[in-house]
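**Student:** If you scroll down you'll find the structure; I have some questions about it.
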Amino acid sequence: MYTTPDSQLSTRNVDWIKYKEILEAATDTQVPLKTTKDVDAATAKLMRLIQFAAAEASLRRTSENPLTASRRPPPPHIYHLLLVKRSAKTLWNLTRFLAHKTALNRANKELTLALIEEKQELTKRELAVLNSSDGTLFKKTKQLTKECSDIPPIKLNSIWYSTPTEKTELFSRILEQQFTPNDLPSPIEDELPPPAKQDREKLG
């Protein structure tokens with residue numbers, strides 16, 4: 001007798017506390033189940049929600065993304081706002097209700113403001129620990145006052161052109177040499193009749 005293999009929600013380790021929080025925040029228990037169509041639609045939504053929660057709660061290995069592994073974890077209030085936003089986005093994707101869209105916009109705004117405040121606070125703490133004795137103040141000052149050159153200089157025939165005026169004149173000379181018209185006879189001009197007497201008088 002053939003038996004189907006056991007399916008898995010995720011091949012990684014799962015943070016079950018986070019999984020539970022996502023399900024509790026996104027599950028709508030007030031869905032009407034009066035007809036077979038309602039039951040099928042609610043079942044499909046629940047399956048998508050379970051898959052989404054399992055994917056979000058999966059613990060990724062550090063070898064999969066070494067860049068994110070070295071980052072500092074977000075503060076608790078940022079993490080909470082992120083969960084609220086994800087839950088609101090899940091509800092909006094599943095239901096497309098206007099109220100859920102409003103909740104998603106509000107969650108996005110709150111998370112954005114919190115991230116801005118957190119960045120400003122980190123900058124304040126970073127500037128507060130600068131000290132002239134250990135060189136941190138000098139390094140930060142040099143970093144902030146360093147001029148960035150978006151357009152590098154041009155070197156032609158062992159000569160460097162750095163200012164905008166020098167570059168403009170250089171391009172002007174190069175384009176003039178490349179696009180000079182050839183001094184070739186034109187068959188159209190040879191076929192034209194000579195100008196009339198009145199035209200010659202006007203030209204003269």
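Scheme for the structure tokens: letters A, B, ... for chains in order shown; per-chain residue numbers from 1; ligand numbers from 1 in order shown.
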Please, which residues of stretch 31-194 of chain A, numbered as in this document, come out alpha helix (DSSP H) from DSSP, as a ChimeraX atom specification?
**Tutor:** /A:36-57,66-69,76-95,98-128,136-145,164-178,187-191
**Student:** With C-alpha atoms retained, write the just-selected residues as an mmCIF file, in the first residue's frame.
**Tutor:**
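See again.cif below for the written result:
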data_model
loop_
_atom_site.group_PDB
_atom_site.id
_atom_site.type_symbol
_atom_site.label_atom_id
_atom_site.label_comp_id
_atom_site.auth_asym_id
_atom_site.auth_seq_id
_atom_site.Cartn_x
_atom_site.Cartn_y
_atom_site.Cartn_z
ATOM 1 C CA THR A 36 -19.432 24.866 1.671
ATOM 2 C CA LYS A 37 -17.877 27.722 -0.269
ATOM 3 C CA ASP A 38 -17.242 29.627 2.965
ATOM 4 C CA VAL A 39 -15.554 26.593 4.508
ATOM 5 C CA ASP A 40 -13.329 26.052 1.469
ATOM 6 C CA ALA A 41 -12.301 29.722 1.369
ATOM 7 C CA ALA A 42 -11.568 29.800 5.103
ATOM 8 C CA THR A 43 -9.546 26.586 4.841
ATOM 9 C CA ALA A 44 -7.455 27.988 1.988
ATOM 10 C CA LYS A 45 -6.784 31.199 3.929
ATOM 11 C CA LEU A 46 -5.809 29.246 7.033
ATOM 12 C CA MET A 47 -3.393 27.072 5.060
ATOM 13 C CA ARG A 48 -1.718 30.127 3.533
ATOM 14 C CA LEU A 49 -1.501 31.737 6.956
ATOM 15 C CA ILE A 50 0.103 28.635 8.488
ATOM 16 C CA GLN A 51 2.661 28.471 5.682
ATOM 17 C CA PHE A 52 3.433 32.170 6.042
ATOM 18 C CA ALA A 53 3.858 31.900 9.821
ATOM 19 C CA ALA A 54 6.148 28.892 9.462
ATOM 20 C CA ALA A 55 8.303 30.684 6.895
ATOM 21 C CA GLU A 56 8.558 33.834 9.009
ATOM 22 C CA ALA A 57 9.374 31.899 12.185
ATOM 23 C CA PRO A 66 26.749 35.984 6.782
ATOM 24 C CA LEU A 67 25.907 39.666 6.381
ATOM 25 C CA THR A 68 22.747 39.551 8.480
ATOM 26 C CA ALA A 69 24.377 37.286 11.063
ATOM 27 C CA PRO A 76 12.325 44.836 21.435
ATOM 28 C CA HIS A 77 9.984 47.682 20.489
ATOM 29 C CA ILE A 78 11.239 47.657 16.883
ATOM 30 C CA TYR A 79 10.810 43.895 16.736
ATOM 31 C CA HIS A 80 7.270 44.204 18.096
ATOM 32 C CA LEU A 81 6.341 46.843 15.514
ATOM 33 C CA LEU A 82 7.819 44.639 12.804
ATOM 34 C CA LEU A 83 5.619 41.734 13.895
ATOM 35 C CA VAL A 84 2.581 44.007 13.920
ATOM 36 C CA LYS A 85 3.374 45.176 10.403
ATOM 37 C CA ARG A 86 3.846 41.636 9.107
ATOM 38 C CA SER A 87 0.603 40.491 10.695
ATOM 39 C CA ALA A 88 -1.263 43.458 9.232
ATOM 40 C CA LYS A 89 0.239 42.758 5.815
ATOM 41 C CA THR A 90 -0.819 39.117 6.049
ATOM 42 C CA LEU A 91 -4.394 40.066 6.889
ATOM 43 C CA TRP A 92 -4.502 42.563 4.029
ATOM 44 C CA ASN A 93 -3.180 39.993 1.548
ATOM 45 C CA LEU A 94 -5.704 37.408 2.685
ATOM 46 C CA THR A 95 -8.851 39.510 3.018
ATOM 47 C CA LEU A 98 -10.292 48.310 3.726
ATOM 48 C CA ALA A 99 -9.946 48.213 7.513
ATOM 49 C CA HIS A 100 -6.962 45.868 7.232
ATOM 50 C CA LYS A 101 -5.380 48.174 4.651
ATOM 51 C CA THR A 102 -5.750 51.087 7.076
ATOM 52 C CA ALA A 103 -4.152 49.019 9.831
ATOM 53 C CA LEU A 104 -1.252 48.138 7.520
ATOM 54 C CA ASN A 105 -0.653 51.791 6.650
ATOM 55 C CA ARG A 106 -0.706 52.724 10.331
ATOM 56 C CA ALA A 107 1.747 49.926 11.162
ATOM 57 C CA ASN A 108 4.085 51.044 8.363
ATOM 58 C CA LYS A 109 4.027 54.619 9.626
ATOM 59 C CA GLU A 110 4.696 53.634 13.238
ATOM 60 C CA LEU A 111 7.571 51.358 12.225
ATOM 61 C CA THR A 112 9.133 54.045 10.021
ATOM 62 C CA LEU A 113 8.992 56.651 12.783
ATOM 63 C CA ALA A 114 10.447 54.198 15.291
ATOM 64 C CA LEU A 115 13.333 53.357 12.954
ATOM 65 C CA ILE A 116 14.100 57.050 12.437
ATOM 66 C CA GLU A 117 14.125 57.681 16.184
ATOM 67 C CA GLU A 118 16.320 54.629 16.771
ATOM 68 C CA LYS A 119 18.812 55.794 14.147
ATOM 69 C CA GLN A 120 18.973 59.251 15.704
ATOM 70 C CA GLU A 121 19.517 57.742 19.144
ATOM 71 C CA LEU A 122 22.338 55.549 17.841
ATOM 72 C CA THR A 123 23.989 58.593 16.273
ATOM 73 C CA LYS A 124 23.755 60.508 19.557
ATOM 74 C CA ARG A 125 25.326 57.643 21.497
ATOM 75 C CA GLU A 126 28.071 57.299 18.909
ATOM 76 C CA LEU A 127 28.928 60.997 19.085
ATOM 77 C CA ALA A 128 28.800 61.013 22.887
ATOM 78 C CA THR A 136 38.025 58.444 17.690
ATOM 79 C CA LEU A 137 37.129 62.125 17.415
ATOM 80 C CA PHE A 138 39.754 62.688 14.725
ATOM 81 C CA LYS A 139 38.617 59.656 12.721
ATOM 82 C CA LYS A 140 34.966 60.693 12.862
ATOM 83 C CA THR A 141 35.801 64.274 11.888
ATOM 84 C CA LYS A 142 37.896 63.074 8.972
ATOM 85 C CA GLN A 143 35.091 60.782 7.875
ATOM 86 C CA LEU A 144 32.488 63.563 7.966
ATOM 87 C CA THR A 145 34.654 66.190 6.257
ATOM 88 C CA PRO A 164 34.571 71.022 -15.189
ATOM 89 C CA THR A 165 35.980 73.730 -17.470
ATOM 90 C CA GLU A 166 38.982 71.617 -18.450
ATOM 91 C CA LYS A 167 36.782 68.598 -19.135
ATOM 92 C CA THR A 168 34.377 70.673 -21.229
ATOM 93 C CA GLU A 169 37.159 72.073 -23.396
ATOM 94 C CA LEU A 170 38.679 68.613 -23.785
ATOM 95 C CA PHE A 171 35.397 67.078 -24.922
ATOM 96 C CA SER A 172 34.854 70.014 -27.262
ATOM 97 C CA ARG A 173 38.187 69.428 -28.995
ATOM 98 C CA ILE A 174 37.641 65.673 -29.230
ATOM 99 C CA LEU A 175 34.149 66.031 -30.673
ATOM 100 C CA GLU A 176 35.330 68.673 -33.120
ATOM 101 C CA GLN A 177 38.002 66.313 -34.431
ATOM 102 C CA GLN A 178 35.673 63.342 -34.657
ATOM 103 C CA PRO A 187 26.573 65.169 -56.872
ATOM 104 C CA ILE A 188 23.456 67.080 -55.888
ATOM 105 C CA GLU A 189 25.271 70.422 -56.035
ATOM 106 C CA ASP A 190 26.741 69.549 -59.461
ATOM 107 C CA GLU A 191 23.279 68.916 -60.901
#
**Student:** Rounded to one decimal in Å, what is the spacing between atom CA of A:Pro73 and atom CA of A:Thr27?
**Tutor:**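 Separation between atom CA of A:Pro73 and atom CA of A:Thr27: 27.0 Å.
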**Student:** Tell me, in Å to one decimal, how far atom CA of A:Thr163 is from atom CA of A:Glu147.
**Tutor:** 14.8 Å
